[in-house]
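> Data: my_file-v3.txt, compact mmCIF, C-alpha atoms.
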# COMPACT_ATOMS: atom_id res chain seq x y z
CA MET A 1 37.54 -44.64 16.66
CA ILE A 2 34.04 -43.94 15.23
CA LYS A 3 33.92 -40.66 17.16
CA THR A 4 37.36 -39.71 15.79
CA ILE A 5 36.28 -40.47 12.21
CA LEU A 6 33.14 -38.37 12.64
CA VAL A 7 35.18 -35.46 13.94
CA ILE A 8 37.53 -35.74 10.96
CA ILE A 9 34.62 -35.90 8.50
CA THR A 10 32.98 -32.88 10.12
CA ALA A 11 36.23 -30.94 9.89
CA LEU A 12 36.65 -31.91 6.23
CA ILE A 13 33.10 -30.85 5.39
CA SER A 14 33.71 -27.52 7.12
CA PHE A 15 36.95 -27.06 5.19
CA ILE A 16 35.28 -27.91 1.87
CA MET A 17 32.34 -25.60 2.55
CA ASN A 18 34.61 -22.74 3.51
CA GLY A 19 36.49 -23.37 0.31
CA GLN A 20 33.37 -22.73 -1.74
CA GLU A 21 33.28 -19.37 -3.46
CA ILE A 22 31.09 -16.93 -1.53
CA THR A 23 32.01 -13.87 -3.59
CA GLY A 24 29.82 -12.77 -6.46
CA GLN A 25 26.13 -12.19 -7.04
CA TRP A 26 23.54 -14.04 -4.95
CA ASN A 27 19.87 -13.91 -5.94
CA GLY A 28 16.75 -14.56 -3.90
CA LEU A 29 12.99 -14.09 -3.94
CA LEU A 30 11.49 -12.65 -0.76
CA LYS A 31 7.87 -13.74 -0.35
CA VAL A 32 5.94 -11.43 1.95
CA PRO A 33 2.16 -11.20 2.41
CA GLY A 34 0.60 -10.08 -0.84
CA THR A 35 3.72 -9.79 -2.98
CA GLN A 36 7.16 -11.02 -4.04
CA LEU A 37 10.37 -8.98 -4.00
CA ARG A 38 13.60 -9.95 -5.73
CA LEU A 39 16.71 -9.27 -3.66
CA VAL A 40 20.26 -9.39 -4.98
CA PHE A 41 23.38 -9.40 -2.77
CA HIS A 42 26.82 -8.67 -4.21
CA VAL A 43 29.56 -10.12 -1.96
CA ASN A 44 33.16 -9.01 -2.48
CA LYS A 45 36.46 -10.09 -0.89
CA THR A 46 38.47 -7.37 0.84
CA GLU A 47 41.87 -7.25 2.52
CA THR A 48 40.24 -7.67 5.91
CA GLY A 49 37.32 -9.94 5.07
CA TYR A 50 34.21 -9.24 3.01
CA SER A 51 31.94 -6.38 1.91
CA ALA A 52 28.47 -6.53 0.37
CA THR A 53 25.77 -4.44 -1.27
CA MET A 54 22.09 -5.15 -1.80
CA ASP A 55 19.77 -4.48 -4.76
CA SER A 56 15.99 -4.50 -4.74
CA PRO A 57 15.14 -4.55 -8.49
CA ASP A 58 11.38 -4.43 -7.99
CA GLN A 59 11.75 -1.26 -5.91
CA LYS A 60 14.30 0.12 -8.41
CA VAL A 61 17.00 0.40 -5.73
CA THR A 62 20.59 -0.70 -6.30
CA GLY A 63 23.93 -0.65 -4.51
CA ILE A 64 22.71 -0.34 -0.91
CA PRO A 65 25.88 -0.87 1.19
CA MET A 66 25.67 -3.44 3.97
CA GLU A 67 27.45 -2.26 7.12
CA LYS A 68 28.63 -5.76 8.02
CA ALA A 69 29.52 -8.80 5.92
CA VAL A 70 30.96 -11.94 7.53
CA PHE A 71 31.46 -15.47 6.16
CA GLU A 72 32.68 -18.05 8.67
CA ASN A 73 32.06 -21.79 9.00
CA SER A 74 29.78 -21.75 5.95
CA VAL A 75 27.56 -19.06 7.51
CA LEU A 76 27.00 -15.73 5.74
CA LYS A 77 25.93 -12.81 7.92
CA LEU A 78 24.94 -9.46 6.45
CA GLU A 79 23.75 -6.47 8.42
CA MET A 80 22.53 -2.91 7.88
CA SER A 81 21.63 -1.71 11.36
CA LYS A 82 20.43 1.75 10.31
CA ALA A 83 17.54 0.17 8.38
CA GLN A 84 17.23 -2.70 10.89
CA ILE A 85 17.97 -5.18 8.11
CA SER A 86 19.98 -8.39 8.45
CA TYR A 87 20.45 -11.68 6.68
CA GLU A 88 21.89 -14.95 7.97
CA GLY A 89 22.20 -18.12 5.95
CA THR A 90 24.24 -21.31 5.60
CA LEU A 91 25.91 -22.27 2.35
CA ASN A 92 25.12 -25.94 1.60
CA LYS A 93 26.68 -28.55 -0.68
CA ASP A 94 24.36 -27.56 -3.55
CA ASN A 95 25.78 -24.02 -3.46
CA ILE A 96 22.53 -22.64 -2.04
CA ILE A 97 22.52 -20.28 0.93
CA VAL A 98 19.59 -21.31 3.13
CA GLY A 99 18.63 -18.58 5.57
CA LYS A 100 16.38 -15.81 6.81
CA PHE A 101 15.99 -12.13 5.97
CA THR A 102 15.03 -9.93 8.91
CA GLN A 103 13.75 -6.36 8.85
CA ARG A 104 12.55 -4.48 11.91
CA GLY A 105 12.27 -7.65 13.93
CA GLN A 106 10.24 -9.60 11.34
CA SER A 107 11.94 -12.62 9.76
CA THR A 108 11.13 -14.31 6.46
CA GLU A 109 12.78 -17.33 4.82
CA LEU A 110 15.09 -16.30 1.98
CA ASN A 111 17.36 -18.70 0.09
CA LEU A 112 20.06 -17.34 -2.20
CA SER A 113 21.65 -18.89 -5.26
CA LYS A 114 23.84 -17.92 -8.19
CA ASP A 115 20.94 -18.56 -10.57
CA ILE A 116 18.89 -15.62 -11.82
CA ILE A 117 15.49 -15.81 -10.14
CA GLN A 118 12.32 -14.54 -11.77
CA LYS A 119 9.13 -13.53 -10.02
CA GLN A 120 6.07 -15.58 -10.71
CA VAL A 121 4.10 -13.63 -13.30
CA PHE A 122 0.32 -13.62 -13.03
CA ALA A 123 -2.00 -12.92 -15.95
CA ARG A 124 -3.95 -9.65 -15.95
CA PRO A 125 -6.67 -10.31 -18.54
CA GLN A 126 -8.62 -7.13 -17.80
CA GLU A 127 -5.77 -4.68 -18.38
CA PRO A 128 -6.68 -2.25 -21.21
CA GLN A 129 -4.40 -2.29 -24.23
CA LYS A 130 -3.56 0.50 -26.65
CA PRO A 131 -4.83 1.88 -28.92
CA TYR A 132 -7.70 3.07 -26.73
CA PRO A 133 -11.03 3.97 -28.38
CA TYR A 134 -10.96 7.41 -26.76
CA TYR A 135 -8.66 10.41 -26.34
CA THR A 136 -5.96 10.57 -23.65
CA GLU A 137 -3.64 13.42 -22.74
CA ASP A 138 -0.71 13.66 -20.33
CA VAL A 139 -1.35 16.68 -18.12
CA LYS A 140 0.16 18.60 -15.21
CA PHE A 141 -1.47 20.83 -12.61
CA GLU A 142 -0.18 22.64 -9.55
CA ASN A 143 -1.06 22.61 -5.88
CA LYS A 144 0.01 26.21 -5.35
CA ILE A 145 -0.44 26.04 -1.57
CA ASP A 146 2.30 23.42 -1.16
CA ASN A 147 4.18 24.22 -4.38
CA VAL A 148 3.66 20.69 -5.73
CA VAL A 149 3.21 19.81 -9.41
CA LEU A 150 1.02 16.75 -10.03
CA ALA A 151 1.39 14.80 -13.27
CA GLY A 152 -1.39 12.64 -14.61
CA THR A 153 -3.55 11.48 -17.48
CA LEU A 154 -6.85 12.97 -18.62
CA SER A 155 -9.10 10.60 -20.56
CA LEU A 156 -11.90 12.03 -22.71
CA PRO A 157 -14.58 10.06 -24.62
CA LYS A 158 -13.68 12.25 -27.61
CA LYS A 159 -11.09 14.95 -28.16
CA GLU A 160 -13.80 17.55 -28.65
CA GLY A 161 -16.97 17.88 -26.57
CA ASN A 162 -18.24 18.67 -23.09
CA PHE A 163 -18.31 15.80 -20.61
CA PRO A 164 -19.07 15.04 -16.95
CA ALA A 165 -15.82 14.31 -15.16
CA VAL A 166 -14.40 12.42 -12.21
CA ILE A 167 -11.07 12.40 -10.37
CA LEU A 168 -9.66 9.10 -9.07
CA ILE A 169 -8.08 9.28 -5.58
CA SER A 170 -5.72 6.54 -4.45
CA GLY A 171 -5.44 4.82 -1.08
CA SER A 172 -2.59 4.99 1.44
CA GLY A 173 1.01 4.78 0.29
CA GLY A 174 2.49 6.40 -2.79
CA GLN A 175 0.88 5.15 -6.01
CA ASN A 176 1.14 6.15 -9.63
CA ARG A 177 -1.76 7.30 -11.81
CA ASP A 178 -2.75 3.70 -12.59
CA GLY A 179 -3.02 2.86 -8.88
CA GLU A 180 -0.40 0.21 -9.69
CA MET A 181 0.04 -2.40 -6.99
CA LEU A 182 1.05 -6.07 -7.03
CA GLY A 183 0.93 -6.19 -10.81
CA HIS A 184 -2.57 -4.73 -10.97
CA LYS A 185 -3.55 -1.34 -12.44
CA PRO A 186 -7.06 -0.74 -11.06
CA PHE A 187 -7.18 2.98 -11.88
CA LEU A 188 -6.20 2.33 -15.50
CA LEU A 189 -9.05 -0.17 -15.72
CA LEU A 190 -11.54 2.10 -13.93
CA ALA A 191 -10.60 5.08 -16.11
CA ASP A 192 -10.96 2.94 -19.24
CA PHE A 193 -14.40 1.68 -18.23
CA LEU A 194 -15.76 5.10 -17.25
CA THR A 195 -14.37 6.90 -20.29
CA LYS A 196 -16.05 4.32 -22.54
CA ASN A 197 -19.28 5.15 -20.68
CA GLY A 198 -19.09 8.87 -21.40
CA PHE A 199 -17.02 10.33 -18.55
CA ALA A 200 -13.83 12.35 -18.57
CA VAL A 201 -11.42 10.86 -16.03
CA LEU A 202 -8.42 12.51 -14.36
CA ARG A 203 -5.97 10.24 -12.56
CA PHE A 204 -2.57 11.37 -11.32
CA ASP A 205 0.67 10.25 -9.70
CA ASP A 206 0.66 10.89 -5.95
CA ARG A 207 3.05 13.64 -4.87
CA GLY A 208 6.63 12.41 -4.88
CA VAL A 209 5.72 9.42 -7.07
CA ALA A 210 6.69 8.90 -10.74
CA GLN A 211 6.41 12.28 -12.49
CA SER A 212 4.82 14.28 -9.63
CA THR A 213 6.99 16.50 -7.46
CA GLY A 214 6.98 16.83 -3.67
CA ASP A 215 7.89 14.71 -0.67
CA ILE A 216 5.30 12.16 0.41
CA SER A 217 7.18 11.02 3.52
CA LYS A 218 5.92 13.73 5.87
CA CYS A 219 2.46 14.23 4.37
CA THR A 220 -0.93 13.61 5.96
CA THR A 221 -4.37 12.93 4.53
CA ALA A 222 -5.08 16.68 4.69
CA ASP A 223 -2.10 17.37 2.39
CA PHE A 224 -3.37 14.88 -0.19
CA ALA A 225 -6.78 16.57 -0.09
CA LYS A 226 -5.12 19.78 -1.27
CA ASP A 227 -3.65 17.90 -4.23
CA VAL A 228 -7.12 16.67 -5.19
CA GLN A 229 -8.58 20.17 -4.88
CA ALA A 230 -5.87 21.35 -7.27
CA GLY A 231 -7.12 18.69 -9.69
CA VAL A 232 -10.68 20.01 -9.34
CA ASP A 233 -9.45 23.53 -10.13
CA TYR A 234 -7.63 22.19 -13.18
CA LEU A 235 -10.73 20.44 -14.52
CA GLN A 236 -12.81 23.58 -14.09
CA ALA A 237 -10.40 25.39 -16.41
CA ARG A 238 -10.78 22.80 -19.21
CA LYS A 239 -13.36 23.59 -21.90
CA GLU A 240 -14.10 19.88 -22.41
CA ILE A 241 -15.38 19.50 -18.84
CA ASN A 242 -18.95 20.14 -17.72
CA LYS A 243 -18.20 22.30 -14.66
CA ASN A 244 -21.54 21.39 -13.06
CA LYS A 245 -20.87 17.67 -13.19
CA ILE A 246 -17.52 17.01 -11.53
CA GLY A 247 -17.22 14.10 -9.12
CA LEU A 248 -14.66 12.20 -7.05
CA ILE A 249 -13.96 8.49 -6.66
CA GLY A 250 -11.78 7.57 -3.70
CA HIS A 251 -10.50 4.15 -2.70
CA SER A 252 -9.64 3.36 0.95
CA GLU A 253 -7.81 6.47 2.25
CA GLY A 254 -8.96 8.13 -0.98
CA ALA A 255 -12.50 7.61 0.29
CA VAL A 256 -11.54 9.70 3.32
CA ILE A 257 -10.05 12.41 1.12
CA ALA A 258 -13.10 12.70 -1.16
CA PRO A 259 -15.44 13.90 1.65
CA ILE A 260 -12.81 16.40 2.83
CA VAL A 261 -12.76 17.98 -0.63
CA ALA A 262 -16.51 17.68 -1.25
CA GLY A 263 -17.36 19.13 2.14
CA ASN A 264 -15.32 22.25 1.43
CA SER A 265 -16.08 22.80 -2.25
CA LYS A 266 -19.34 23.58 -4.04
CA ALA A 267 -17.73 22.39 -7.26
CA ILE A 268 -18.24 18.69 -6.40
CA ASP A 269 -21.46 17.23 -7.78
CA PHE A 270 -21.12 13.64 -6.47
CA ILE A 271 -18.67 11.30 -4.73
CA VAL A 272 -18.08 7.54 -4.79
CA LEU A 273 -16.48 5.94 -1.73
CA LEU A 274 -14.82 2.57 -2.39
CA ALA A 275 -13.90 0.67 0.79
CA GLY A 276 -14.14 3.93 2.68
CA PRO A 277 -13.63 4.09 6.46
CA GLY A 278 -16.60 5.27 8.48
CA LEU A 279 -14.97 4.82 11.88
CA ARG A 280 -12.20 6.77 13.56
CA GLY A 281 -8.67 5.71 12.65
CA GLU A 282 -7.69 3.76 15.75
CA LYS A 283 -10.93 1.73 15.76
CA LEU A 284 -10.53 0.84 12.10
CA LEU A 285 -6.89 -0.23 12.48
CA LEU A 286 -7.66 -2.48 15.45
CA MET A 287 -10.48 -4.17 13.52
CA GLN A 288 -8.24 -4.51 10.47
CA LYS A 289 -5.41 -6.02 12.53
CA GLU A 290 -7.71 -8.56 14.13
CA ALA A 291 -9.36 -9.62 10.85
CA VAL A 292 -6.11 -9.98 8.88
CA GLU A 293 -4.35 -11.88 11.69
CA ARG A 294 -7.24 -14.30 12.11
CA ALA A 295 -7.31 -14.99 8.37
CA SER A 296 -3.54 -15.60 8.51
CA GLY A 297 -3.91 -18.26 11.20
CA VAL A 298 -2.59 -16.29 14.18
CA SER A 299 -3.73 -17.83 17.47
CA GLU A 300 -6.60 -16.21 19.37
CA SER A 301 -4.37 -15.58 22.38
CA GLU A 302 -1.84 -13.69 20.24
CA ILE A 303 -4.63 -11.75 18.53
CA GLN A 304 -6.03 -10.60 21.86
CA LYS A 305 -2.58 -9.77 23.17
CA GLY A 306 -2.01 -7.60 20.11
CA GLN A 307 -5.40 -5.91 20.47
CA GLU A 308 -4.69 -4.93 24.06
CA ALA A 309 -1.14 -3.80 23.35
CA PHE A 310 -1.95 -1.69 20.31
CA LYS A 311 -5.08 -0.20 21.86
CA GLY A 312 -2.91 0.98 24.73
CA ALA A 313 -0.43 2.56 22.31
CA TYR A 314 -3.18 4.20 20.26
CA ASP A 315 -4.74 5.59 23.43
CA MET A 316 -1.40 7.19 24.30
CA ILE A 317 -1.26 8.81 20.86
CA LEU A 318 -4.87 10.01 21.03
CA ALA A 319 -4.18 11.63 24.40
CA SER A 320 -1.00 13.33 23.19
CA SER A 321 -0.57 16.81 21.76
CA VAL A 322 0.88 17.53 18.31
CA ASN A 323 4.16 18.82 19.75
CA ASP A 324 4.67 16.09 22.34
CA GLU A 325 8.45 15.57 22.16
CA ASN A 326 8.31 12.56 24.48
CA LEU A 327 5.71 10.60 22.51
CA LYS A 328 8.12 8.40 20.56
CA LYS A 329 10.19 7.69 23.66
CA ASN A 330 7.07 6.78 25.65
CA ILE A 331 5.72 4.52 22.88
CA MET A 332 9.12 2.84 22.59
CA ALA A 333 9.21 2.12 26.33
CA TYR A 334 5.60 0.90 26.24
CA PHE A 335 6.16 -1.65 23.44
CA THR A 336 9.45 -2.78 25.00
CA SER A 337 7.51 -3.63 28.17
CA LYS A 338 4.81 -5.45 26.20
CA TYR A 339 7.10 -7.30 23.77
CA ASN A 340 10.82 -6.53 23.46
CA GLU A 341 13.20 -3.82 22.32
CA ASP A 342 13.52 -5.12 18.74
CA PHE A 343 9.75 -5.13 18.31
CA ALA A 344 9.51 -1.65 19.82
CA LYS A 345 12.16 -0.31 17.43
CA ALA A 346 10.29 -1.77 14.48
CA VAL A 347 6.80 -0.59 15.37
CA THR A 348 7.31 2.80 17.05
CA PRO A 349 8.33 4.73 13.88
CA GLN A 350 5.40 3.20 12.01
CA ILE A 351 2.71 4.41 14.40
CA THR A 352 4.17 7.79 15.33
CA ASN A 353 4.94 9.22 11.88
CA ASN A 354 3.00 12.24 10.60
CA TRP A 355 0.59 10.28 8.45
CA MET A 356 -0.31 7.72 11.12
CA TYR A 357 -0.61 10.35 13.86
CA TYR A 358 -3.16 12.25 11.75
CA PHE A 359 -4.99 9.10 10.64
CA LEU A 360 -5.38 7.72 14.16
CA LYS A 361 -6.93 10.96 15.39
CA MET A 362 -9.09 11.58 12.33
CA ASP A 363 -12.83 10.88 12.57
CA PRO A 364 -14.32 10.49 9.05
CA ALA A 365 -17.73 11.47 10.45
CA VAL A 366 -16.59 15.08 10.86
CA ASN A 367 -15.96 15.45 7.12
CA LEU A 368 -18.84 13.23 5.99
CA ALA A 369 -21.28 15.45 7.89
CA LYS A 370 -20.31 18.37 5.63
CA VAL A 371 -21.06 16.49 2.39
CA LYS A 372 -24.33 17.58 0.78
CA CYS A 373 -23.89 16.10 -2.71
CA PRO A 374 -25.00 12.55 -3.70
CA VAL A 375 -22.88 9.73 -2.25
CA LEU A 376 -22.37 6.12 -3.33
CA ALA A 377 -20.49 3.96 -0.81
CA LEU A 378 -19.44 0.44 -1.83
CA ASN A 379 -17.56 -2.20 0.15
CA GLY A 380 -16.56 -5.77 -0.53
CA GLY A 381 -18.21 -8.32 1.73
CA LYS A 382 -14.86 -10.03 2.32
CA ASP A 383 -12.84 -6.86 2.88
CA LEU A 384 -10.57 -7.48 5.88
CA GLN A 385 -8.98 -4.01 5.82
CA VAL A 386 -12.18 -1.97 5.98
CA PRO A 387 -14.90 -4.33 7.26
CA ALA A 388 -17.99 -3.66 5.15
CA THR A 389 -20.93 -3.91 7.54
CA VAL A 390 -19.78 -1.60 10.31
CA ASP A 391 -18.14 0.99 8.06
CA LEU A 392 -21.02 1.23 5.59
CA GLU A 393 -23.47 1.59 8.45
CA ALA A 394 -21.34 4.33 10.03
CA ILE A 395 -21.10 6.22 6.71
CA LYS A 396 -24.83 5.98 6.05
CA LYS A 397 -25.80 6.98 9.59
CA THR A 398 -23.50 10.02 9.57
CA LEU A 399 -24.68 11.30 6.18
CA LEU A 400 -28.39 10.85 6.90
CA LYS A 401 -28.08 12.45 10.33
CA ALA A 402 -26.42 15.47 8.69
CA GLY A 403 -29.34 15.85 6.30
CA ASN A 404 -27.94 14.31 3.11
CA LYS A 405 -30.94 12.77 1.33
CA ASN A 406 -29.10 11.14 -1.58
CA VAL A 407 -27.10 8.31 -0.02
CA THR A 408 -26.62 4.83 -1.47
CA THR A 409 -24.62 2.16 0.35
CA LYS A 410 -24.07 -1.37 -0.85
CA GLU A 411 -22.08 -4.39 0.27
CA LEU A 412 -20.87 -6.48 -2.67
CA ALA A 413 -20.60 -10.17 -1.80
CA ASN A 414 -17.30 -12.07 -2.14
CA LEU A 415 -15.19 -9.02 -2.99
CA ASN A 416 -12.04 -8.04 -1.09
CA HIS A 417 -10.53 -4.63 -0.29
CA MET A 418 -9.31 -4.31 -3.89
CA PHE A 419 -12.80 -5.18 -5.24
CA GLN A 420 -11.59 -8.51 -6.62
CA GLU A 421 -13.67 -11.67 -6.46
CA CYS A 422 -11.86 -13.73 -3.84
CA LYS A 423 -11.94 -16.73 -1.49
CA THR A 424 -10.84 -15.35 1.89
CA GLY A 425 -10.28 -11.60 1.49
CA SER A 426 -6.73 -11.90 2.83
CA PRO A 427 -4.13 -9.45 1.43
CA GLU A 428 -2.06 -12.52 0.55
CA GLU A 429 -4.53 -13.20 -2.28
CA TYR A 430 -4.35 -9.77 -3.98
CA GLU A 431 -1.43 -10.50 -6.29
CA LYS A 432 -2.41 -14.09 -7.05
CA ILE A 433 -5.93 -13.21 -8.24
CA GLU A 434 -5.93 -12.55 -11.98
CA GLN A 435 -8.97 -10.28 -11.84
CA THR A 436 -8.09 -6.63 -11.22
CA PHE A 437 -11.58 -5.23 -10.52
CA SER A 438 -14.95 -6.95 -10.39
CA PRO A 439 -17.09 -6.23 -13.49
CA LEU A 440 -20.10 -6.08 -11.17
CA ALA A 441 -18.46 -3.32 -9.12
CA LEU A 442 -17.50 -1.41 -12.28
CA GLU A 443 -21.11 -1.52 -13.46
CA GLU A 444 -22.43 -0.42 -10.05
CA ILE A 445 -20.17 2.64 -10.11
CA SER A 446 -20.83 3.60 -13.71
CA SER A 447 -24.62 3.15 -13.69
CA TRP A 448 -24.97 5.21 -10.49
CA MET A 449 -22.79 7.98 -11.94
CA VAL A 450 -24.86 8.06 -15.11
CA LEU A 451 -28.00 8.64 -13.03
CA GLN A 452 -26.34 11.49 -11.11
CA THR A 453 -25.17 13.31 -14.23
CA LYS A 454 -28.26 13.10 -16.43
Let me see the structure of the file written as structure tokens.


Amino acid sequence: MIKTILVIITALISFIMNGQEITGQWNGLLKVPGTQLRLVFHVNKTETGYSATMDSPDQKVTGIPMEKAVFENSVLKLEMSKAQISYEGTLNKDNIIVGKFTQRGQSTELNLSKDIIQKQVFARPQEPQKPYPYYTEDVKFENKIDNVVLAGTLSLPKKEGNFPAVILISGSGGQNRDGEMLGHKPFLLLADFLTKNGFAVLRFDDRGVAQSTGDISKCTTADFAKDVQAGVDYLQARKEINKNKIGLIGHSEGAVIAPIVAGNSKAIDFIVLLAGPGLRGEKLLLMQKEAVERASGVSESEIQKGQEAFKGAYDMILASSVNDENLKKNIMAYFTSKYNEDFAKAVTPQITNNWMYYFLKMDPAVNLAKVKCPVLALNGGKDLQVPATVDLEAIKKTLLKAGNKNVTTKELANLNHMFQECKTGSPEEYEKIEQTFSPLALEEISSWMVLQTK
């Protein structure tokens, strides 16, 4: 009798849950390392079942159609196989869908509700506020080689005058002129600080981002270097700029681009490398992977497994030719044998695209050896993405060996890859830290630049 009652109760619960309204707007907050993303699913009833679309408000994307939408026995299943995205969750008695969002084999908890969900907002006390005590101008300049128009902002200490100048170069991934990431605007802050200290500053939207034209998806570091050179040419044509005192400040990948430009142009008077790689791409990425995983609590056995697996894949790429049509297929088969097919499908496109292929094969030493102007290289002591000690040593050794006699390298204690004061250096901290850029690091950059441009 008890068993019969339980069966009846279970059936009733199932009936009640299925009777709950699944159609409408469902909101969730996806928490991934370093950031939060709001996701919105719109579920609609059709003659044959259900359909659904997805919005990602923080990425300014709406109405993405899901290829599959099923609601049975209180379980909602959504799928978009082309993007390797899926969601599965169970609708509970509180009208909350408890489930997981999966993309390219990686799953993250994501609960959905009818309530509007807001991201946690963190204070940014350093962000400059208008009106600024200096002159700013929206500008555009052209990379005529690639037919790309770059849009940016030129900051001048005063509207009239003749000033030393610097171009800010962003790291990997498309960024706007403020270097905006995770609620921080480090390039806005850096430009503000340097302009107040007597420098003209040009910062611009990466190609294909915001107001700049072009397609970033197939570009390499070499392409971005041409965009920066176009910025140098633009500054040389401005009467407010001292043409003998033009410098570059590059962060992360930007610190790889700066030596490329400086090594091929006599117009560059100095460069500042912030968290700049000094080792070849594949070595840096393996070190980065190990450091970030260890800080995230991944077991040592899994870390070592990943090191061996990815080193093997990188070696295959390093040994390949540019036109190797079988590379992706071979990498896919390799990762399938090491992990599984889902993992292989997720990772293969990431490490065989144009940018990654170039980055893995690129040795920063080749370009650093051509740099004859003064160089300041700074790294945070807790940087897990570009480990300070080995990369600074590699940069210094390469420059000195090539005959550059004006080289300053410095490791700044307790700063992460973004030059924030931090506890662990993990990317998971970036957004949560209120500080955008260490005042100590700002002063190091500015005071060194003042000495170079006297």

> Go ahead and compute the interatomic distance for CA of Ser212 (chain A) and CA of Ile249 (chain A), in Å to one decimal.

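According to the coordinates, CA of Ser212 (chain A) and CA of Ile249 (chain A) are separated by 19.9 Å.
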
> Please determine, counting all atoms listed in the file, which residue among A:Gln236, A:Gln350, A:Thr108, A:Thr102 has the shortest atom-to-atom distance to Ile167 (chain A).

A:Gln236

> Check the smallest atom-to-atom distance from each of A:Ile317, A:Gly24, A:Ser74, A:Gln420 to Met54 (chain A) using only C-alpha atoms, then report the winner.

A:Gly24

> So that each row is one residue of region 322-375 of chain A with an atom at most 8 Å from region 400-406 of chain A, can you give its shortest atom pair and the distance in Å to one decimal, using only C-alpha atoms, rows by chain and rising number, as JSON lines?


{"residue": "A:Ala369", "atom": "CA", "partner": "A:Ala402", "partner_atom": "CA", "distance": 5.2}
{"residue": "A:Lys370", "atom": "CA", "partner": "A:Ala402", "partner_atom": "CA", "distance": 7.4}
{"residue": "A:Val371", "atom": "CA", "partner": "A:Asn404", "partner_atom": "CA", "distance": 7.3}
{"residue": "A:Lys372", "atom": "CA", "partner": "A:Asn404", "partner_atom": "CA", "distance": 5.4}
{"residue": "A:Cys373", "atom": "CA", "partner": "A:Asn406", "partner_atom": "CA", "distance": 7.3}
{"residue": "A:Pro374", "atom": "CA", "partner": "A:Asn406", "partner_atom": "CA", "distance": 4.8}
{"residue": "A:Val375", "atom": "CA", "partner": "A:Asn406", "partner_atom": "CA", "distance": 6.4}

> Take the point (35.7, -15.2, -5.5) as written in the file and pick out every residue within 10 Å of it, counting all atoms listed in the file; give the list as a VMD selection string.

chain A and resid 20 to 24 43 to 45

> Distance cut-off 10 Å, centre (-12.4, 12.3, -24.7) in file coordinates, counting only C-alpha atoms: which residues qualify? Return them as a ChimeraX atom specification.

/A:133-137,154-163,195-196,198-201,240-241

> Per residue of region 338-362 of chain A within 9 Å of region 272-280 of chain A, record the nearest atom pair and its distance in Å to one decimal, counting only C-alpha atoms, with rows in chain order and ascending residue number, as a Markdown table.


| residue | atom | partner | partner_atom | distance |
| --- | --- | --- | --- | --- |
| A:Phe359 | CA | A:Arg280 | CA | 8.1 |
| A:Leu360 | CA | A:Arg280 | CA | 6.9 |
| A:Lys361 | CA | A:Arg280 | CA | 7.0 |
| A:Met362 | CA | A:Arg280 | CA | 5.9 |

> Write out as a list in words the residues lying within 9 Å of Ala69 (chain A), counting all atoms listed in the file and excluding same-chain residues fewer than 6 positions away.

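Counting only the stated atoms, we get Val43, Gly49, Tyr50, Ser51, Ala52, Leu76, Lys77, Leu78 and Glu79 of chain A.
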
> Kindly indicate which residue among A:Gln304, A:Val148, A:Gly231, A:Leu194 lies nearest to Asp215 (chain A), using all atoms listed in the file for the distances.

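That would be A:Val148, the residue with the smallest distance to Asp215 (chain A).
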
> Which one of A:Gly247, A:Gly173, A:Gly312, A:Gly297 sits closest to Ser426 (chain A) if you count only C-alpha atoms?

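Result for the nearest residue to Ser426 (chain A): A:Gly297.
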
> For a test of reading the model, state the distance in Å between CA of Ile268 (chain A) and CA of Ser438 (chain A), rounded to one decimal.

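Distance reported for this atom pair: 26.2 Å.
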
> So how far away is CA of Arg177 (chain A) from CA of Gly152 (chain A), in Å?

6.0 Å

> Could you tell me which of A:Lys226, A:Asp58, A:Thr90, A:Leu110 comes closest to Glu72 (chain A) if we count all atoms listed in the file?

A:Thr90

> Tell me which of A:Val347, A:Ile97, A:Gly425, A:His184 sits closest to Arg124 (chain A), counting all atoms listed in the file.

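Under the stated criterion, the closest residue is A:His184.
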
> With all atoms listed in the file as the counted atoms, please give the residues lying no more than 6 Å from Thr153 (chain A), apart from itself and same-chain residues fewer than 2 positions off, as number ranges by chain.

A: 137-139, 202-203
